[in-house]
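> Below you'll find the structure I mean.
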Amino acid sequence: MYHFSEYFDTGDRALAYISPNEELTDYLKLLDMVLEEYMEFKGLHSEKKLFSRGLVITESEMENFFAMPPNYRERDINDPVLTEDVKEAFDHIEERSRATSEEVLKIRSVRDTFGLGRTELFALILGLAVRVDRNYERIYGFLQDDITKTQPTVGLLYALLSRFTAREWDSPFFPQPLDRKMFIYFFTPEKEKDGLGAPLLLNPLMESFLRGTEEVKKFSSVPFKLYEEDDAPMFFEADALKIAKAMEVGNKLCYLAGNDQDTLLHILFKLSGEGGKKLYVLDMPKLMVLSESYRERAISELLLRLRLYKGLLCVRQTSEIGAREQWEILEYISSIHEGCIFLFGEKEEPGELAVESVPVISISFPEVESRIGIWNFFINKECDEKGISISSDIIIPDLADCYEVSYGVIKKACHNAASASIMDGTNTLDREKLLSCLWQLHNVNFSGLATPIKAPYTWEDISIVQKEKEVLKAACDRYRLRNRLGNKWGLKKKNAYGNGVSVLIYGPPGTGKTMAALVVARELSLPLYRVDLSQIFSKYIGETEKNLSLIFDAAADSNVILFFDEADALFSKRTEIQGSNDKYSNSETAYLLQKIEEYDGMSILATNYYQNFDPAFVRRITYSVYMEKPDEERRFNLWKGILPDESEVEDDIDFHFLAREFELSGSNIKAILFSAAYMAGAEGSKIGARHIVKAMEREFRKMGQLIDIGQFGKYAMYL
């Protein structure tokens, strides 16, 4: 047989390995040296029979086996020459390993990670060899007297070890320590579960790692996944620093409290990348529904990945399934996993899952400056990847200021809007699509106490005196800049109440108060919800406050405008307390005032009766806007401008006459024009004076007003 000096070049002993393949080649040389010696021991180069067929054993084989008495029979014979050769080979490899930088060598990494001894390393190489060179299949079959046994078995491992060791490993349970170290799978038939015929099959993950190929992405179980993210920059430096400090002090478990899981994973992913690690996410609810055997296998695979690829682990918790059992699993994982495990879930604290004290790290909500960066990154990323353009109507700073949304919501909204831009064929990401996708991610639930209203109107649609329009625009600007200026100039620090904006719109019926609210909603690109006052009030003590609390709690995280129509019913002057009803009525008004002041969004209140409002309340409203009845000029503009451009109108209608003779409100004019349009449409003709006059007649009757035929002048014939 060939010896150490013929397998290894002693001149290379102090040289570092250049690649993992060089290290593997040396270990395969060691294996070849042992296999060659064992083949000679089995009878290679001799005339004795080398291979038995099936289960047949010859008479000469029986005689040779029983030729020696039992007490003197030596089944495993150590070869001192081979023992010295193997020792020299291991010394040679380890000396070259020490001269090599740590990141180069895969086998050394496994040895150090799992604390493997030389016998365990030999078992590892025995299993790996057949995966890198199929010639070993025939050799293993020959040495195991069965050509179908192409994989090494526990019996072959014992036989080879007996040739060069002092039997320190001798135990009927030898494979179990390897199994506990989780780097070899033992797939064995039930009848051979603990026998020498059990095959040593290398874990695909271990094989992939040792061969220097990419990590196996296909998981054998679904409760965990490798988390991979885009190349987004770190947007939460302060929170990342808190987590990094928790890792440095040696915590085994930490709970991350935050309302957006994407934010938590984003921070952990960035931290894992900085440390050259991978981030794994274990979904505890999915793990808990598996059978016990599959659960154990999933945990073993997860732990193996964590150790091989230097993983960082976070666990999504649930409070619904077996809290005690979950905690036992976490304790087991933390006893093996080196490093901190980060927990997160639907609660701000670990609660009953924390049998012992677990540090809680609160993750902050992104400030407006961070939101601007997040919007910028994901809008440009999605458009670049999908090859679409960005519309000029998207103003990112305004979007970031008006919408206090999380990292994950922004990420999803941008992705969905970009996909919608491709599907509709426009290949342009515009504000409307972006807002639509953003609103779909906000399923605000007001429990029937408020309903959404579409906002189709712009500044051009509303008829209002210029100074009042400027007040409305000032309210929009204040809301749009409340965070940017509030932070930059320190205004938020000086605000005793919330950071919201409240607007009181008052004036006679039909002057456009609701339209003004809709214009504001469109200007700010925010959903408008009308509060149903009939559902709020209750005769039962405390129920009104409860309903109000439900509304404001639902609106708090939803970025919506709350619209209180006919609000004088809510904010009327406080009365002298002459009975219990007066007392509770005053407390309800005070409670609502408090909630509006605390609300960080926008509240709009509309009333026909300004004089009924409590002066103490009016003083604490941010802006008030008076909607007066339109004068002749504004009425003319309403007559001319309410109908869409597509409407077909006869040219001879005297709108100056209608504006001069009839002091109608904007809502009356709109009702008349729309009614006339449908009458003309039913006839198949253009909108004419006769249709408008008939519609006016019906509108007057609806309002209970007498009709003065003389007032209609040249149009009286249509009455």
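Chain labels follow the order of the structure tokens: the first chain is A, the next B, and so on; residue numbering restarts at 1 in every chain, and ligands are counted from 1 in their shown order.
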Running DSSP on the backbone, which parts of stretch 283-442 of chain A land in strand (DSSP E), as a list in words?
Asp283, Leu312, Leu313, Cys314, Val315, Arg316, Ile341, Phe342, Leu343, Phe344, Val360, Ile361, Ser362, Ser389, Ile390, Thr428 and Leu429 of chain A
> Please list as JSON, numbers by chain every residue within 8 Å of stretch 558-562 of chain A, counting only C-alpha atoms and excluding residues in the same chain fewer than 5 positions away.
{"A": [402, 403, 404, 442, 444, 521, 526, 527, 528, 529, 530, 531, 601, 602, 603, 604]}
> Can you spit out the residues from that selection as a tab-separated table (two decimals), in the first residue's frame, using C-alpha atoms?

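Result written to again_29.tsv:
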```
chain	number	residue	atom	x	y	z
A	402	CYS	CA	-49.88	63.67	4.91
A	403	TYR	CA	-49.58	59.89	5.26
A	404	GLU	CA	-48.05	58.67	8.49
A	442	HIS	CA	-55.85	50.69	5.09
A	444	VAL	CA	-60.26	51.25	8.47
A	521	ALA	CA	-59.84	65.96	0.86
A	526	LEU	CA	-56.80	61.84	1.86
A	527	PRO	CA	-59.97	59.72	2.24
A	528	LEU	CA	-62.93	61.61	3.68
A	529	TYR	CA	-65.26	59.86	6.15
A	530	ARG	CA	-68.60	61.39	7.11
A	531	VAL	CA	-69.47	60.68	10.75
A	601	GLY	CA	-55.29	64.06	11.57
A	602	MET	CA	-57.72	66.56	10.11
A	603	SER	CA	-61.25	67.15	11.39
A	604	ILE	CA	-63.81	69.17	9.41
```
> Quick one: residues within 7 Å of stretch 365-380 of chain A, only C-alpha atoms, excluding same-chain residues fewer than 6 positions away - as a ChimeraX atom specification?
/A:235,396-397,400-401,406-407,410-411,414,483-484
> Using only C-alpha atoms, please write the residues we just selected to a file, as a PDB file, in the first residue's frame.

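The new file again02.pdb reads:
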```
ATOM      1  CA  PHE A 235     -33.821  53.902   7.406  1.00  0.00           C
ATOM      2  CA  ILE A 396     -43.227  62.768  -2.413  1.00  0.00           C
ATOM      3  CA  PRO A 397     -42.639  65.253   0.472  1.00  0.00           C
ATOM      4  CA  ALA A 400     -44.821  61.563   3.276  1.00  0.00           C
ATOM      5  CA  ASP A 401     -46.175  64.360   5.442  1.00  0.00           C
ATOM      6  CA  SER A 406     -45.011  52.456   7.963  1.00  0.00           C
ATOM      7  CA  TYR A 407     -42.088  51.174   5.938  1.00  0.00           C
ATOM      8  CA  ILE A 410     -45.025  52.195   1.595  1.00  0.00           C
ATOM      9  CA  LYS A 411     -43.164  49.223   0.147  1.00  0.00           C
ATOM     10  CA  CYS A 414     -45.339  51.202  -4.457  1.00  0.00           C
ATOM     11  CA  ASN A 483     -44.501  67.304  10.314  1.00  0.00           C
ATOM     12  CA  ARG A 484     -41.725  68.824   8.214  1.00  0.00           C
TER      13      ARG A 484
END
```
> Could you pull out the helix (DSSP H, G or I) residues of stretch 455-547 of chain A, going by DSSP on the backbone, and write them as a PyMOL selection string?
chain A and resi 459-461+466-481+484-488+492-494+513-524+533-536+543-547
> For stretch 285-289 of chain A, please output as a list in words all residues within 12 Å (counting only C-alpha atoms; exclusion window: fewer than 6 positions along the same chain).
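In the requested format, the answer is Ser221, Val222, Pro223, Phe224, Lys225, Arg295, Glu296, Arg297, Ala298, Ile299, Leu302, Val315, Arg316, Gln317, Thr318, Ser319, Glu320, Ile321, Gly322, Ala323, Arg324, Glu325, Gln326, Trp327, Glu328, Ile329, Leu330 and Gly345 of chain A.
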> As an exercise, work out the distance from atom CA of A:Glu338 to atom CA of A:Gly212 in Å and give it to one decimal place.
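These atoms are spaced 22.7 Å apart.
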> Using only C-alpha atoms, which residues sit within 10 Å of A:His415 once same-chain residues fewer than 3 positions away are excluded, as a list in words?
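Here the qualifying residues turn out to be Phe378, Ile379, Lys381, Glu382, Cys383, Lys386, Val409, Ile410, Lys411, Lys412, Ala418, Ser419, Ala420, Leu434 and Cys437 of chain A.
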> Taking 3 positions as the minimum chain separation for residues in the same chain, which residues sit within 9 Å of A:Ile462 when counting only C-alpha atoms? Answer as an MDAnalysis selection string.
chainID A and resid 457:459 512 515:516 519 638 666
> Measuring between only C-alpha atoms, which one of A:Tyr332, A:Ala123, A:Asn499, A:Val132 shows the shortest distance to A:Thr153?
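Using only C-alpha atoms, A:Thr153 sits closest to A:Ala123.
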> Just how far from atom CA of A:Ser436 is atom CA of A:Met423, in Å to one decimal?
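Computing it gives 14.6 Å between the two atoms.
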> What is the atom CA of A:Thr511 to atom CA of A:His691 distance in Å?
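Pair atom CA of A:Thr511 / atom CA of A:His691 returns 23.5 Å.
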> Excluding same-chain residues fewer than 2 positions from stretch 257-270 of chain A, what lies within 10 Å of it counting only C-alpha atoms, as a ChimeraX atom specification?
/A:227-237,239-241,243-244,254-255,272-281,312-314,316,342-350,360-366,405-409,411-412
